[in-house]
Amino acid sequence: MRHRQHKAPQHKRAHQKSTRLDDEELALIHAAATACGMTPAGFLAHAALAAARDLNVTAAAVAGERELVAEFFAARRHLAQIGNNLNQVAKVLNSGGQVPHADAVLSAVVKAVTRLDAVTDRLLDHRDAE
């Protein structure tokens with residue numbers, strides 16, 4: 001922990017905010033603060049102010065992540081709907097019936113899984129870039 005002179009009263013920060021973090025997030029903050037020679041609170045303040053001062057970059061990063069998460073959930077919903085169709089096909093086939101659209105359902109499953117894989121890769125790449 002570094003030692004520094006106390007700020008003059010007119011330069012002290014008068015406001016305090018509370019932030020909730022999980023164990024992994026807290027460990028990342030502590031490691032980053034240590035690497036920068038700062039306290040965790042000072043690091044959080046510095047990082048938050050840097051993000052607030054460049055709202056175009058910050059807003060784009062947040063919007064990009066939200067867009068990816070929304071696409072991820074949409075792809076999952078699509079896969080679940082197609083899974084229902086696949087279950088119906090399996091039920092008919094298991095009872096000895098014929099399903100003329102089985103190939104179309106299987107093709108839709110492959111497309112949905114491919115979409116979900118692509119979105120998952122984009123989301124992971126986005127997280128790794130942070």
# chains A, B, ... in the order shown; residues from 1 in each chain; ligands from 1
$ residues_around --residues "Ser107 of chain A" --least-positions-apart "4" --cutoff "12 Å" --atoms "only C-alpha atoms" --output "JSON, numbers by chain"
{"A": [79, 82, 83, 85, 86, 101, 102, 103, 111, 112, 113, 114]}
$ residues_around --residues "segment 46-48 of chain A" --least-positions-apart "4" --cutoff "12 Å" --atoms "only C-alpha atoms" --output "ChimeraX atom specification"
/A:17,19,29,32-33,36,38-42,52-55,58
$ select_by_dssp --residues "chain A" --states "alpha helix (DSSP H)" --output "JSON, numbers by chain"
{"A": [23, 24, 25, 26, 27, 28, 29, 30, 31, 32, 33, 34, 35, 36, 40, 41, 42, 43, 44, 45, 46, 47, 48, 49, 50, 51, 52, 53, 55, 56, 57, 58, 59, 60, 61, 62, 63, 64, 65, 66, 67, 68, 69, 70, 71, 72, 73, 74, 75, 76, 77, 78, 79, 80, 81, 82, 83, 84, 85, 86, 87, 88, 89, 90, 91, 92, 93, 94, 102, 103, 104, 105, 106, 107, 108, 109, 110, 111, 112, 113, 114, 115, 116, 117, 118, 119, 120, 121, 122, 123, 124, 125, 126, 127, 128, 129]}
$ write_last_selection --atoms "C-alpha atoms" --output "CSV table (one decimal), in the first residue's frame"
chain,number,residue,atom,x,y,z
A,23,ASP,CA,-15.4,-12.3,-6.0
A,24,GLU,CA,-13.9,-12.5,-9.5
A,25,GLU,CA,-14.6,-8.8,-10.2
A,26,LEU,CA,-13.2,-7.8,-6.8
A,27,ALA,CA,-10.0,-9.8,-7.5
A,28,LEU,CA,-9.6,-8.1,-10.9
A,29,ILE,CA,-10.0,-4.7,-9.3
A,30,HIS,CA,-7.5,-5.5,-6.6
A,31,ALA,CA,-5.0,-6.8,-9.2
A,32,ALA,CA,-5.4,-3.8,-11.5
A,33,ALA,CA,-5.1,-1.4,-8.6
A,34,THR,CA,-1.9,-3.1,-7.3
A,35,ALA,CA,-0.4,-3.1,-10.8
A,36,CYS,CA,-1.0,0.7,-11.0
A,40,PRO,CA,-8.8,-0.2,-5.1
A,41,ALA,CA,-11.1,2.8,-4.3
A,42,GLY,CA,-8.7,5.1,-6.2
A,43,PHE,CA,-8.5,2.8,-9.1
A,44,LEU,CA,-12.3,2.5,-9.3
A,45,ALA,CA,-12.6,6.3,-9.2
A,46,HIS,CA,-9.9,6.8,-11.8
A,47,ALA,CA,-11.4,4.2,-14.2
A,48,ALA,CA,-14.9,5.4,-13.8
A,49,LEU,CA,-13.9,9.0,-14.4
A,50,ALA,CA,-11.9,8.0,-17.5
A,51,ALA,CA,-15.0,6.2,-18.8
A,52,ALA,CA,-17.3,9.1,-18.0
A,53,ARG,CA,-14.9,11.6,-19.7
A,55,LEU,CA,-18.8,8.8,-23.3
A,56,ASN,CA,-18.7,8.0,-27.0
A,57,VAL,CA,-16.2,5.2,-26.5
A,58,THR,CA,-17.9,4.0,-23.2
A,59,ALA,CA,-21.4,4.2,-24.7
A,60,ALA,CA,-20.3,2.3,-27.8
A,61,ALA,CA,-18.7,-0.5,-25.7
A,62,VAL,CA,-21.7,-0.8,-23.5
A,63,ALA,CA,-24.1,-0.8,-26.4
A,64,GLY,CA,-22.0,-3.3,-28.3
A,65,GLU,CA,-22.1,-5.7,-25.3
A,66,ARG,CA,-25.8,-5.3,-24.8
A,67,GLU,CA,-26.4,-5.9,-28.5
A,68,LEU,CA,-24.3,-9.1,-28.3
A,69,VAL,CA,-26.1,-10.3,-25.2
A,70,ALA,CA,-29.5,-9.6,-26.9
A,71,GLU,CA,-28.5,-11.5,-30.0
A,72,PHE,CA,-27.3,-14.4,-27.8
A,73,PHE,CA,-30.6,-14.7,-26.0
A,74,ALA,CA,-32.5,-14.4,-29.3
A,75,ALA,CA,-30.4,-17.2,-30.8
A,76,ARG,CA,-31.1,-19.3,-27.7
A,77,ARG,CA,-34.9,-18.7,-28.0
A,78,HIS,CA,-34.7,-19.6,-31.6
A,79,LEU,CA,-32.9,-22.8,-30.9
A,80,ALA,CA,-35.4,-23.7,-28.2
A,81,GLN,CA,-38.3,-23.2,-30.6
A,82,ILE,CA,-36.6,-25.4,-33.2
A,83,GLY,CA,-35.9,-28.0,-30.5
A,84,ASN,CA,-39.7,-28.2,-29.9
A,85,ASN,CA,-40.2,-28.9,-33.7
A,86,LEU,CA,-37.4,-31.5,-33.5
A,87,ASN,CA,-39.2,-33.2,-30.5
A,88,GLN,CA,-42.4,-33.3,-32.5
A,89,VAL,CA,-40.6,-34.9,-35.4
A,90,ALA,CA,-39.0,-37.5,-33.1
A,91,LYS,CA,-42.4,-38.3,-31.5
A,92,VAL,CA,-44.0,-39.0,-35.0
A,93,LEU,CA,-41.0,-41.0,-36.1
A,94,ASN,CA,-40.9,-43.1,-32.9
A,102,ALA,CA,-37.9,-33.7,-41.1
A,103,ASP,CA,-34.9,-32.6,-43.3
A,104,ALA,CA,-36.1,-29.0,-43.1
A,105,VAL,CA,-36.3,-29.2,-39.3
A,106,LEU,CA,-32.8,-30.7,-39.0
A,107,SER,CA,-31.5,-28.0,-41.4
A,108,ALA,CA,-33.1,-25.4,-39.1
A,109,VAL,CA,-31.4,-27.0,-36.1
A,110,VAL,CA,-28.0,-26.8,-37.7
A,111,LYS,CA,-28.5,-23.2,-38.7
A,112,ALA,CA,-29.7,-22.2,-35.2
A,113,VAL,CA,-26.7,-24.0,-33.6
A,114,THR,CA,-24.4,-22.3,-36.0
A,115,ARG,CA,-26.0,-18.9,-35.2
A,116,LEU,CA,-25.6,-19.6,-31.5
A,117,ASP,CA,-22.0,-20.6,-31.9
A,118,ALA,CA,-21.2,-17.5,-33.8
A,119,VAL,CA,-22.8,-15.2,-31.3
A,120,THR,CA,-21.1,-17.0,-28.4
A,121,ASP,CA,-17.7,-16.6,-30.1
A,122,ARG,CA,-18.4,-12.9,-30.7
A,123,LEU,CA,-19.4,-12.4,-27.1
A,124,LEU,CA,-16.3,-14.3,-25.8
A,125,ASP,CA,-14.1,-12.3,-28.1
A,126,HIS,CA,-15.7,-9.1,-26.9
A,127,ARG,CA,-15.1,-10.1,-23.3
A,128,ASP,CA,-11.4,-11.1,-24.0
A,129,ALA,CA,-10.9,-7.7,-25.6
$ atom_distance --atom1 "atom CA of Gly37 of chain A" --atom2 "atom CA of Lys7 of chain A"
17.8 Å
$ atom_distance --atom1 "atom CA of His6 of chain A" --atom2 "atom CA of Leu21 of chain A"
27.6 Å
